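Have a look at target24.csv; it's CSV, C-alpha atoms and all ligand atoms:
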```csv
chain,number,residue,atom,x,y,z
A,1212,MET,CA,29.5,-18.9,38.0
A,1213,PRO,CA,32.1,-19.1,35.2
A,1214,VAL,CA,35.8,-18.9,36.1
A,1215,ASN,CA,36.4,-15.2,35.8
A,1216,LEU,CA,39.5,-14.6,33.7
A,1217,HIS,CA,37.9,-11.6,32.0
A,1218,SER,CA,39.9,-9.0,33.9
A,1219,ASP,CA,41.6,-8.2,37.2
A,1220,THR,CA,39.2,-5.2,37.4
A,1221,GLN,CA,36.4,-7.5,38.4
A,1222,THR,CA,37.7,-8.5,41.8
A,1223,GLN,CA,35.3,-8.2,44.7
A,1224,PRO,CA,36.5,-6.3,47.8
A,1225,THR,CA,37.3,-8.8,50.5
A,1226,PRO,CA,35.4,-8.7,53.9
A,1227,ALA,CA,38.6,-7.3,55.5
A,1228,MET,CA,38.8,-4.5,52.9
A,1229,ARG,CA,35.1,-3.7,53.3
A,1230,ALA,CA,35.7,-3.4,57.1
A,1231,ALA,CA,38.6,-1.1,56.6
A,1232,MET,CA,36.5,1.1,54.3
A,1233,ALA,CA,33.6,1.2,56.7
A,1234,ALA,CA,35.9,2.3,59.6
A,1235,ALA,CA,37.7,5.0,57.6
A,1236,GLU,CA,38.1,8.5,59.1
A,1237,VAL,CA,36.8,10.9,56.4
A,1238,GLY,CA,36.4,14.6,55.6
A,1239,ASP,CA,35.9,16.9,52.6
A,1240,GLU,CA,38.6,15.7,50.1
A,1241,GLN,CA,38.4,18.7,47.8
A,1242,ARG,CA,39.2,21.1,50.6
A,1243,GLY,CA,42.1,18.9,51.7
A,1244,LEU,CA,40.3,17.7,54.8
A,1245,ASP,CA,40.1,13.9,54.2
A,1246,PRO,CA,42.8,12.4,56.4
A,1247,THR,CA,42.6,8.9,54.9
A,1248,THR,CA,43.0,10.2,51.3
A,1249,ALA,CA,45.9,12.3,52.4
A,1250,GLU,CA,47.6,9.3,54.0
A,1251,LEU,CA,47.1,7.3,50.8
A,1252,GLU,CA,48.6,10.1,48.8
A,1253,ARG,CA,51.6,10.3,51.1
A,1254,ARG,CA,52.2,6.6,50.9
A,1255,VAL,CA,52.0,6.4,47.1
A,1256,ALA,CA,54.3,9.5,46.7
A,1257,GLU,CA,56.9,7.8,48.8
A,1258,LEU,CA,56.4,4.4,47.1
A,1259,LEU,CA,57.0,5.9,43.7
A,1260,GLY,CA,59.8,8.2,44.8
A,1261,HIS,CA,58.0,11.5,44.0
A,1262,GLU,CA,57.3,14.6,46.0
A,1263,ALA,CA,53.5,14.6,45.9
A,1264,ALA,CA,50.5,12.7,44.8
A,1265,VAL,CA,46.8,13.1,44.1
A,1266,PHE,CA,44.0,10.6,44.5
A,1267,LEU,CA,41.8,10.1,41.4
A,1268,PRO,CA,38.7,8.0,40.6
A,1269,SER,CA,40.4,6.0,37.9
A,1270,GLY,CA,43.5,5.2,36.1
A,1271,THR,CA,42.1,6.7,32.9
A,1272,MET,CA,41.8,10.0,34.7
A,1273,CYS,CA,45.5,9.7,35.9
A,1274,ASN,CA,46.6,9.2,32.3
A,1275,GLU,CA,44.4,12.0,30.9
A,1276,ILE,CA,45.4,14.6,33.5
A,1277,ALA,CA,49.1,13.7,33.2
A,1278,LEU,CA,48.9,14.1,29.4
A,1279,ARG,CA,47.1,17.4,29.8
A,1280,LEU,CA,50.0,18.5,32.0
A,1281,HIS,CA,52.6,17.6,29.5
A,1282,ILE,CA,51.0,18.5,26.2
A,1283,ARG,CA,50.4,22.0,24.9
A,1284,PRO,CA,47.4,22.0,22.6
A,1285,GLY,CA,48.7,23.3,19.3
A,1286,GLY,CA,50.6,20.5,17.6
A,1287,ASP,CA,52.4,18.7,20.4
A,1288,GLU,CA,53.0,15.0,19.9
A,1289,LEU,CA,52.7,12.2,22.4
A,1290,ILE,CA,54.7,9.1,21.6
A,1291,LEU,CA,53.6,5.7,22.9
A,1292,ASP,CA,53.2,2.1,22.0
A,1293,ARG,CA,50.5,1.2,19.5
A,1294,SER,CA,48.7,-1.0,22.1
A,1295,ALA,CA,48.9,1.6,24.9
A,1296,HIS,CA,45.8,2.2,26.9
A,1297,PRO,CA,45.4,5.9,26.1
A,1298,LEU,CA,45.4,5.0,22.4
A,1299,VAL,CA,43.1,2.0,22.5
A,1300,ALA,CA,40.8,2.4,25.5
A,1301,GLU,CA,40.4,6.0,26.6
A,1302,ALA,CA,37.8,7.1,24.0
A,1303,GLY,CA,40.2,9.4,22.1
A,1304,GLY,CA,41.0,11.3,25.3
A,1305,PRO,CA,44.6,12.3,24.4
A,1306,ALA,CA,43.2,14.2,21.4
A,1307,ALA,CA,40.0,15.4,23.0
A,1308,LEU,CA,41.3,16.4,26.4
A,1309,ALA,CA,45.0,17.2,25.9
A,1310,GLY,CA,45.0,18.2,22.2
A,1311,ALA,CA,47.7,15.6,21.5
A,1312,THR,CA,48.8,14.3,18.2
A,1313,THR,CA,49.7,10.7,18.9
A,1314,SER,CA,52.6,8.8,17.3
A,1315,PRO,CA,52.3,5.1,17.9
A,1316,LEU,CA,55.4,2.9,18.0
A,1317,ASP,CA,55.4,-0.8,17.1
A,1318,GLY,CA,56.9,-2.3,20.2
A,1319,ASP,CA,57.4,-6.0,21.1
A,1320,GLY,CA,54.6,-7.0,23.5
A,1321,GLY,CA,54.0,-3.2,24.2
A,1322,ILE,CA,57.7,-2.5,24.8
A,1323,PHE,CA,59.5,-0.2,22.4
A,1324,THR,CA,63.2,0.6,22.2
A,1325,ALA,CA,65.1,3.8,22.8
A,1326,ALA,CA,66.1,3.5,19.1
A,1327,GLN,CA,62.5,3.3,18.0
A,1328,LEU,CA,61.7,6.4,20.1
A,1329,GLU,CA,64.7,8.3,18.7
A,1330,ALA,CA,63.7,7.4,15.1
A,1331,ALA,CA,60.2,8.7,15.6
A,1332,LEU,CA,61.2,12.1,17.1
A,1333,HIS,CA,60.4,15.5,15.6
A,1334,VAL,CA,62.6,17.8,17.5
A,1335,ASP,CA,64.5,19.8,15.0
A,1336,GLY,CA,62.0,22.7,14.7
A,1337,ASP,CA,60.8,21.7,11.3
A,1338,ARG,CA,57.5,23.7,10.9
A,1339,TYR,CA,55.8,21.0,8.9
A,1340,ALA,CA,56.1,18.4,11.7
A,1341,PRO,CA,54.3,18.1,15.0
A,1342,ARG,CA,56.5,18.9,18.0
A,1343,SER,CA,57.5,15.7,19.9
A,1344,ARG,CA,56.7,16.6,23.5
A,1345,ALA,CA,56.0,13.6,25.7
A,1346,VAL,CA,56.6,9.8,25.8
A,1347,SER,CA,54.5,7.3,27.7
A,1348,VAL,CA,55.6,3.9,29.0
A,1349,GLU,CA,53.1,1.2,30.2
A,1350,GLN,CA,54.3,-1.0,33.0
A,1351,THR,CA,53.3,-3.8,32.8
A,1352,THR,CA,51.9,-3.8,29.2
A,1353,ASN,CA,48.2,-4.7,29.2
A,1354,MET,CA,47.4,-5.5,25.6
A,1355,GLY,CA,51.1,-6.5,25.2
A,1356,GLY,CA,50.5,-9.4,27.5
A,1357,GLY,CA,51.6,-8.3,31.0
A,1358,ARG,CA,55.2,-7.9,29.9
A,1359,ILE,CA,57.7,-6.1,32.2
A,1360,TRP,CA,60.0,-3.3,31.0
A,1361,SER,CA,63.4,-4.0,32.6
A,1362,PRO,CA,65.0,-1.1,34.5
A,1363,GLU,CA,67.6,-0.9,31.6
A,1364,GLN,CA,64.9,-0.6,28.9
A,1365,VAL,CA,63.2,2.1,31.0
A,1366,GLU,CA,66.5,4.0,31.6
A,1367,GLN,CA,67.4,3.9,27.9
A,1368,VAL,CA,64.1,5.4,26.9
A,1369,LEU,CA,64.3,8.0,29.6
A,1370,ALA,CA,67.8,8.9,28.5
A,1371,VAL,CA,66.6,9.6,24.9
A,1372,ALA,CA,63.7,11.6,26.4
A,1373,ARG,CA,66.0,13.7,28.6
A,1374,ARG,CA,68.4,14.4,25.7
A,1375,HIS,CA,65.5,15.8,23.6
A,1376,GLY,CA,63.7,17.6,26.4
A,1377,LEU,CA,60.6,15.3,26.3
A,1378,ARG,CA,58.2,15.0,29.2
A,1379,THR,CA,57.9,11.4,30.5
A,1380,HIS,CA,54.9,9.5,31.8
A,1381,LEU,CA,54.6,6.1,33.4
A,1382,ASP,CA,51.2,4.4,33.1
A,1383,GLY,CA,51.7,2.1,36.1
A,1384,ALA,CA,48.2,0.6,36.1
A,1385,ARG,CA,50.0,-2.7,37.0
A,1386,LEU,CA,53.3,-1.4,38.2
A,1387,MET,CA,53.0,-3.5,41.4
A,1388,ASN,CA,52.8,-6.6,39.3
A,1389,ALA,CA,56.1,-5.7,37.8
A,1390,VAL,CA,57.6,-5.0,41.2
A,1391,VAL,CA,56.5,-8.3,42.7
A,1392,ALA,CA,57.6,-10.3,39.7
A,1393,SER,CA,61.0,-8.6,39.2
A,1394,GLY,CA,62.0,-7.7,42.8
A,1395,VAL,CA,62.8,-4.2,41.5
A,1396,PRO,CA,61.4,-1.5,43.9
A,1397,ALA,CA,58.6,0.7,42.6
A,1398,ALA,CA,60.6,3.9,43.0
A,1399,ASP,CA,63.4,2.5,40.9
A,1400,TYR,CA,60.9,2.1,38.0
A,1401,ALA,CA,59.0,5.3,38.6
A,1402,ALA,CA,61.2,8.0,40.0
A,1403,GLY,CA,62.8,9.0,36.7
A,1404,PHE,CA,59.4,9.9,35.1
A,1405,ASP,CA,57.8,13.3,35.4
A,1406,THR,CA,54.5,11.6,36.2
A,1407,ALA,CA,53.7,8.1,37.4
A,1408,TRP,CA,50.6,6.4,38.8
A,1409,ILE,CA,49.3,3.1,40.1
A,1410,ASP,CA,45.8,1.7,39.9
A,1411,PHE,CA,44.1,0.1,42.9
A,1412,SER,CA,41.2,-1.3,41.0
A,1413,LYS,CA,43.2,-3.9,39.0
A,1414,GLY,CA,45.1,-6.7,40.7
A,1415,LEU,CA,45.3,-4.9,44.0
A,1416,GLY,CA,41.6,-5.6,44.4
A,1417,ALA,CA,40.1,-2.3,45.6
A,1418,PRO,CA,36.8,-1.3,44.1
A,1419,VAL,CA,37.8,2.3,43.1
A,1420,GLY,CA,40.9,4.4,43.0
A,1421,ALA,CA,44.2,5.4,41.4
A,1422,VAL,CA,46.9,7.7,42.6
A,1423,LEU,CA,49.0,10.0,40.3
A,1424,ALA,CA,52.5,11.1,41.6
A,1425,ALA,CA,54.8,13.8,40.5
A,1426,SER,CA,56.5,17.0,41.7
A,1427,ARG,CA,54.6,19.3,44.0
A,1428,GLU,CA,54.3,21.8,41.2
A,1429,LEU,CA,52.8,19.3,38.7
A,1430,ILE,CA,50.4,17.9,41.4
A,1431,ASP,CA,49.2,21.4,42.2
A,1432,GLU,CA,48.5,21.9,38.5
A,1433,ALA,CA,46.9,18.4,38.3
A,1434,TRP,CA,44.3,19.6,40.9
A,1435,ARG,CA,43.0,22.1,38.4
A,1436,TYR,CA,42.2,19.4,35.9
A,1437,LYS,CA,40.9,17.1,38.7
A,1438,GLN,CA,38.4,19.8,39.5
A,1439,MET,CA,37.7,20.5,35.8
A,1440,MET,CA,37.0,16.9,34.9
A,1441,GLY,CA,34.8,16.2,37.9
A,1442,GLY,CA,37.4,14.1,39.8
A,1443,ALA,CA,37.4,16.3,43.0
A,1444,LEU,CA,35.6,14.2,45.7
A,1445,ARG,CA,34.1,14.6,49.1
A,1446,GLN,CA,34.4,11.8,51.7
A,1447,SER,CA,36.8,9.8,49.5
A,1448,GLY,CA,38.5,8.3,52.6
A,1449,ILE,CA,36.0,5.5,52.3
A,1450,LEU,CA,37.6,4.6,49.0
A,1451,ALA,CA,41.2,5.5,50.0
A,1452,ALA,CA,40.9,3.1,53.0
A,1453,GLY,CA,40.3,0.3,50.5
A,1454,CYS,CA,43.4,1.3,48.6
A,1455,ILE,CA,45.5,1.5,51.8
A,1456,HIS,CA,44.3,-2.0,52.8
A,1457,ALA,CA,45.3,-3.2,49.3
A,1458,LEU,CA,48.8,-1.7,49.8
A,1459,GLU,CA,49.1,-3.5,53.1
A,1460,HIS,CA,47.6,-6.9,52.2
A,1461,HIS,CA,47.4,-7.4,48.4
A,1462,VAL,CA,50.8,-6.6,47.0
A,1463,GLU,CA,52.9,-9.7,47.9
A,1464,ARG,CA,50.0,-12.0,47.0
A,1465,LEU,CA,50.3,-10.8,43.3
A,1466,ALA,CA,52.9,-13.6,43.1
A,1467,GLU,CA,50.1,-16.2,43.3
A,1468,ASP,CA,48.4,-14.5,40.3
A,1469,HIS,CA,51.6,-14.7,38.4
A,1470,ALA,CA,52.1,-18.4,39.2
A,1471,ASN,CA,48.5,-19.1,38.2
A,1472,ALA,CA,49.0,-17.3,34.9
A,1473,ARG,CA,52.1,-19.2,34.2
A,1474,ALA,CA,50.3,-22.5,35.0
A,1475,LEU,CA,47.5,-21.5,32.7
A,1476,ALA,CA,50.0,-20.6,29.9
A,1477,GLU,CA,51.8,-23.9,30.3
A,1478,GLY,CA,48.6,-25.8,30.1
A,1479,LEU,CA,47.5,-23.9,27.1
A,1480,ALA,CA,50.8,-24.5,25.3
A,1481,GLU,CA,49.9,-28.3,25.4
A,1482,LEU,CA,46.6,-27.8,23.5
A,1483,PRO,CA,46.4,-28.4,19.8
A,1484,GLY,CA,45.2,-25.3,18.0
A,1485,VAL,CA,46.4,-22.9,20.7
A,1486,GLN,CA,49.5,-20.8,20.3
A,1487,ILE,CA,51.4,-19.4,23.2
A,1488,ASP,CA,55.0,-19.2,24.5
A,1489,PRO,CA,54.6,-19.6,28.3
A,1490,GLU,CA,58.0,-17.9,28.7
A,1491,THR,CA,56.5,-14.6,27.7
A,1492,VAL,CA,54.0,-14.8,30.5
A,1493,GLU,CA,55.7,-12.7,33.1
A,1494,THR,CA,52.9,-11.5,35.3
A,1495,ASN,CA,49.1,-12.0,35.4
A,1496,ILE,CA,48.0,-11.5,31.8
A,1497,VAL,CA,47.9,-14.4,29.4
A,1498,ILE,CA,47.4,-13.7,25.7
A,1499,PHE,CA,47.1,-16.7,23.4
A,1500,GLU,CA,46.2,-17.3,19.7
A,1501,VAL,CA,43.5,-19.5,18.3
A,1502,PRO,CA,41.9,-19.7,14.9
A,1503,ASP,CA,38.7,-17.9,15.9
A,1504,ALA,CA,38.9,-15.9,19.1
A,1505,ALA,CA,35.3,-14.7,19.2
A,1506,LEU,CA,34.0,-18.2,18.7
A,1507,LEU,CA,36.1,-19.6,21.5
A,1508,ALA,CA,35.1,-16.9,23.9
A,1509,GLU,CA,31.4,-17.5,23.1
A,1510,ARG,CA,31.7,-21.3,23.5
A,1511,LEU,CA,33.6,-20.9,26.8
A,1512,ALA,CA,31.2,-18.3,28.2
A,1513,PRO,CA,29.2,-20.6,30.4
A,1514,GLU,CA,32.3,-22.0,32.1
A,1515,VAL,CA,35.1,-19.5,31.6
A,1516,ASP,CA,35.0,-15.8,31.0
A,1517,VAL,CA,37.8,-14.7,28.7
A,1518,LEU,CA,38.1,-11.7,26.3
A,1519,ALA,CA,38.6,-11.8,22.6
A,1520,ILE,CA,41.0,-9.0,21.9
A,1521,GLY,CA,41.4,-9.6,18.1
A,1522,PRO,CA,40.3,-12.0,15.4
A,1523,ALA,CA,42.7,-14.6,16.7
A,1524,ARG,CA,43.8,-13.3,20.1
A,1525,VAL,CA,42.3,-14.1,23.5
A,1526,ARG,CA,43.2,-12.5,26.8
A,1527,ALA,CA,42.9,-14.2,30.2
A,1528,VAL,CA,43.8,-12.4,33.4
A,1529,THR,CA,44.4,-13.9,36.8
A,1530,HIS,CA,43.6,-12.1,40.0
A,1531,LEU,CA,42.7,-12.6,43.7
A,1532,ASP,CA,39.3,-14.2,43.0
A,1533,VAL,CA,40.8,-17.0,40.9
A,1534,ASP,CA,42.6,-19.9,42.6
A,1535,ARG,CA,44.7,-22.8,41.1
A,1536,GLU,CA,41.7,-25.2,41.1
A,1537,GLN,CA,39.8,-22.7,38.9
A,1538,ILE,CA,42.8,-22.5,36.6
A,1539,GLU,CA,42.6,-26.3,36.2
A,1540,GLN,CA,38.9,-26.1,35.6
A,1541,ALA,CA,39.5,-23.3,33.0
A,1542,LEU,CA,42.1,-25.5,31.2
A,1543,GLU,CA,39.7,-28.4,31.0
A,1544,ALA,CA,37.0,-26.2,29.5
A,1545,ILE,CA,39.4,-24.6,27.0
A,1546,ALA,CA,40.7,-28.1,26.0
A,1547,ALA,CA,37.1,-29.2,25.3
A,1548,ALA,CA,36.2,-26.0,23.5
A,1549,VAL,CA,39.2,-26.0,21.1
B,1601,LIG,C1,43.1,-0.3,33.2
B,1601,LIG,C2,44.2,0.5,32.6
B,1601,LIG,C3,44.1,1.9,32.6
B,1601,LIG,C4,42.9,2.6,33.0
B,1601,LIG,O1,42.6,2.4,34.4
B,1601,LIG,P1,41.1,2.5,34.9
B,1601,LIG,O2,41.2,2.5,36.4
B,1601,LIG,O3,40.4,1.3,34.3
B,1601,LIG,O4,40.5,3.8,34.3
B,1601,LIG,C5,45.2,2.5,32.1
B,1601,LIG,N1,46.3,1.9,31.6
B,1601,LIG,C6,46.4,0.6,31.7
B,1601,LIG,C7,47.7,-0.1,31.2
B,1601,LIG,C8,45.4,-0.2,32.1
B,1601,LIG,O5,45.5,-1.5,32.1
```
Please lay out the structure from this file as structure tokens.
Amino acid sequence: MPVNLHSDTQTQPTPAMRAAMAAAEVGDEQRGLDPTTAELERRVAELLGHEAAVFLPSGTMCNEIALRLHIRPGGDELILDRSAHPLVAEAGGPAALAGATTSPLDGDGGIFTAAQLEAALHVDGDRYAPRSRAVSVEQTTNMGGGRIWSPEQVEQVLAVARRHGLRTHLDGARLMNAVVASGVPAADYAAGFDTAWIDFSKGLGAPVGAVLAASRELIDEAWRYKQMMGGALRQSGILAAGCIHALEHHVERLAEDHANARALAEGLAELPGVQIDPETVETNIVIFEVPDAALLAERLAPEVDVLAIGPARVRAVTHLDVDREQIEQALEAIAAAV
């Protein structure tokens, strides 16, 4: 088996997680009768500092439902980083499902500034322009390289949004990575947004599940779209139990993934033909440059699974199924391949 640095989505549920799932108390989720799902929703609402939350099958559905809540089809504009997941990996969902016009910003590692946001706004009632309506922040940035928005950067963007009456959305697929790496509580990052969510199927290691948090009113409305998009479930407590197990056992350990990512980045920086600044590796995502990314990924495939994300960019992601010894193995294979 090659060392799997393809994605933290590929983790296997641990035996303890499977046992917790098997033992879950369950009921009919779409009628509000699944106690384990309700418990997970309660915990995530509290964690993120919001009134209510809803369990969904994927992070993509969290994004798409939240955007549907914020955007009025009819010329509303969503502003987000050019590398943001809804723009690059949700099959055109913001346009297809929410009717959004999207306005991409060129941030640094997926992080844009309040000034960039302000400069992009259309809020003066000009009938030629789309109406700026919502802004989305990705914490941590995925294609940006796992970078962390500081609380100050978040607050400055939220302040501009508030000043201009924009709705605000936090794509927190890897929010807990930011929390563990920075020591900033999840609620400090998430409470100021209208909608915020975390994914359980990334570094937290659950097989399925994401939870979207917001006000009671927005979550009630989100349920309409959950039903509409086919996200209303039945005995989902089986899944929610895996997520609760992840919250209890897989959060602190994200620090190991971060240390492994940093070790990988430092090793890569030593290799001729590889470009990376290890200082920019803040969590579990390592993006490095080589002359031919596709060729390297292909050559490495028998020994290391990495993802070519551009002609010269390669992404490697650490997670709970990769230990330090495998990082050393991966470095040796990459050294040989380049
Ligand atoms: C993975 C990811 C998503 C989508 O989550 P899924 O659970 O895979 O649907 C959304 N945003 C970011 C930043 C992600 O990394």
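All residues of protein, DNA or RNA that reach within 6 Å of A:Ala1345, judged by only C-alpha atoms and not counting those fewer than 3 positions away in the chain, are Leu1289, Leu1377, Arg1378 and Thr1379 of chain A.
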Selection file, C-alpha atoms, as a PDB file, in the coordinates of the input:
```
ATOM      1  CA  LEU A1289      52.700  12.200  22.400  1.00  0.00           C
ATOM      2  CA  LEU A1377      60.600  15.300  26.300  1.00  0.00           C
ATOM      3  CA  ARG A1378      58.200  15.000  29.200  1.00  0.00           C
ATOM      4  CA  THR A1379      57.900  11.400  30.500  1.00  0.00           C
TER       5      THR A1379
END
```
- Query: Hey, what's within 9 Å of stretch 1403-1407 of chain A if we count all atoms listed in the file and toss same-chain stuff fewer than 3 positions away? As a list in words, please?
  - Reply: Leu1259, Gly1260, His1261, Cys1273, Asn1274, Ala1277, His1281, Val1365, Glu1366, Leu1369, Arg1378, Thr1379, His1380, Leu1381, Asp1382, Gly1383, Ala1398, Asp1399, Tyr1400, Val1422, Leu1423, Ala1424, Ala1425, Ser1426 and Leu1429 of chain A
Requested write-out: C-alpha atoms of the selected residues, as a CSV table (one decimal), in the frame of the given file:
```csv
chain,number,residue,atom,x,y,z
A,1259,LEU,CA,57.0,5.9,43.7
A,1260,GLY,CA,59.8,8.2,44.8
A,1261,HIS,CA,58.0,11.5,44.0
A,1273,CYS,CA,45.5,9.7,35.9
A,1274,ASN,CA,46.6,9.2,32.3
A,1277,ALA,CA,49.1,13.7,33.2
A,1281,HIS,CA,52.6,17.6,29.5
A,1365,VAL,CA,63.2,2.1,31.0
A,1366,GLU,CA,66.5,4.0,31.6
A,1369,LEU,CA,64.3,8.0,29.6
A,1378,ARG,CA,58.2,15.0,29.2
A,1379,THR,CA,57.9,11.4,30.5
A,1380,HIS,CA,54.9,9.5,31.8
A,1381,LEU,CA,54.6,6.1,33.4
A,1382,ASP,CA,51.2,4.4,33.1
A,1383,GLY,CA,51.7,2.1,36.1
A,1398,ALA,CA,60.6,3.9,43.0
A,1399,ASP,CA,63.4,2.5,40.9
A,1400,TYR,CA,60.9,2.1,38.0
A,1422,VAL,CA,46.9,7.7,42.6
A,1423,LEU,CA,49.0,10.0,40.3
A,1424,ALA,CA,52.5,11.1,41.6
A,1425,ALA,CA,54.8,13.8,40.5
A,1426,SER,CA,56.5,17.0,41.7
A,1429,LEU,CA,52.8,19.3,38.7
```
- Task: With a distance cut-off of 10 Å and only C-alpha atoms, select the neighbouring residues of stretch 1528-1545 of chain A, excluding the residue or stretch itself and same-chain residues fewer than 2 positions from it, and output the selection as a PyMOL selection string.
- Result: chain A and resi 1213-1225+1353+1356-1357+1413-1416+1461+1464-1479+1482+1485+1494-1498+1507-1508+1510-1518+1526+1547-1549
- Message: At a cut-off of 9 Å, using all atoms listed in the file, what residues contact A:Asp1431? Leave out same-chain residues fewer than 4 positions from it and give the result as a list in words.
- Response: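 The contact residues come out as Ala1263, Val1265, Ser1426, Arg1427 and Arg1435 of chain A.
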- Task: Within 10 Å of ligand LIG 1601 (chain B), which residues show up when you count all atoms listed in the file? List them as a ChimeraX atom specification, please.
- Result: /A:1218-1220,1267-1275,1294-1301,1321,1348-1355,1357,1381-1386,1408-1413,1418-1422
- Item | Using only C-alpha atoms: which of A:Gln1486, A:Ser1447, A:Thr1491, A:Ser1393 has the shortest distance to A:Thr1247 |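 Distance minimum relative to A:Thr1247 lands on A:Ser1447.
When only C-alpha atoms are used to measure the gap to A:Arg1242, the shortest distance among A:Leu1444, A:Leu1450, A:Ile1520, A:Ala1401 belongs to A:Leu1444.
Distance check against A:Ala1546 using all atoms listed in the file: of A:Gly1484, A:Ser1361, A:Ala1505, A:Ala1249, the minimum falls on A:Gly1484.
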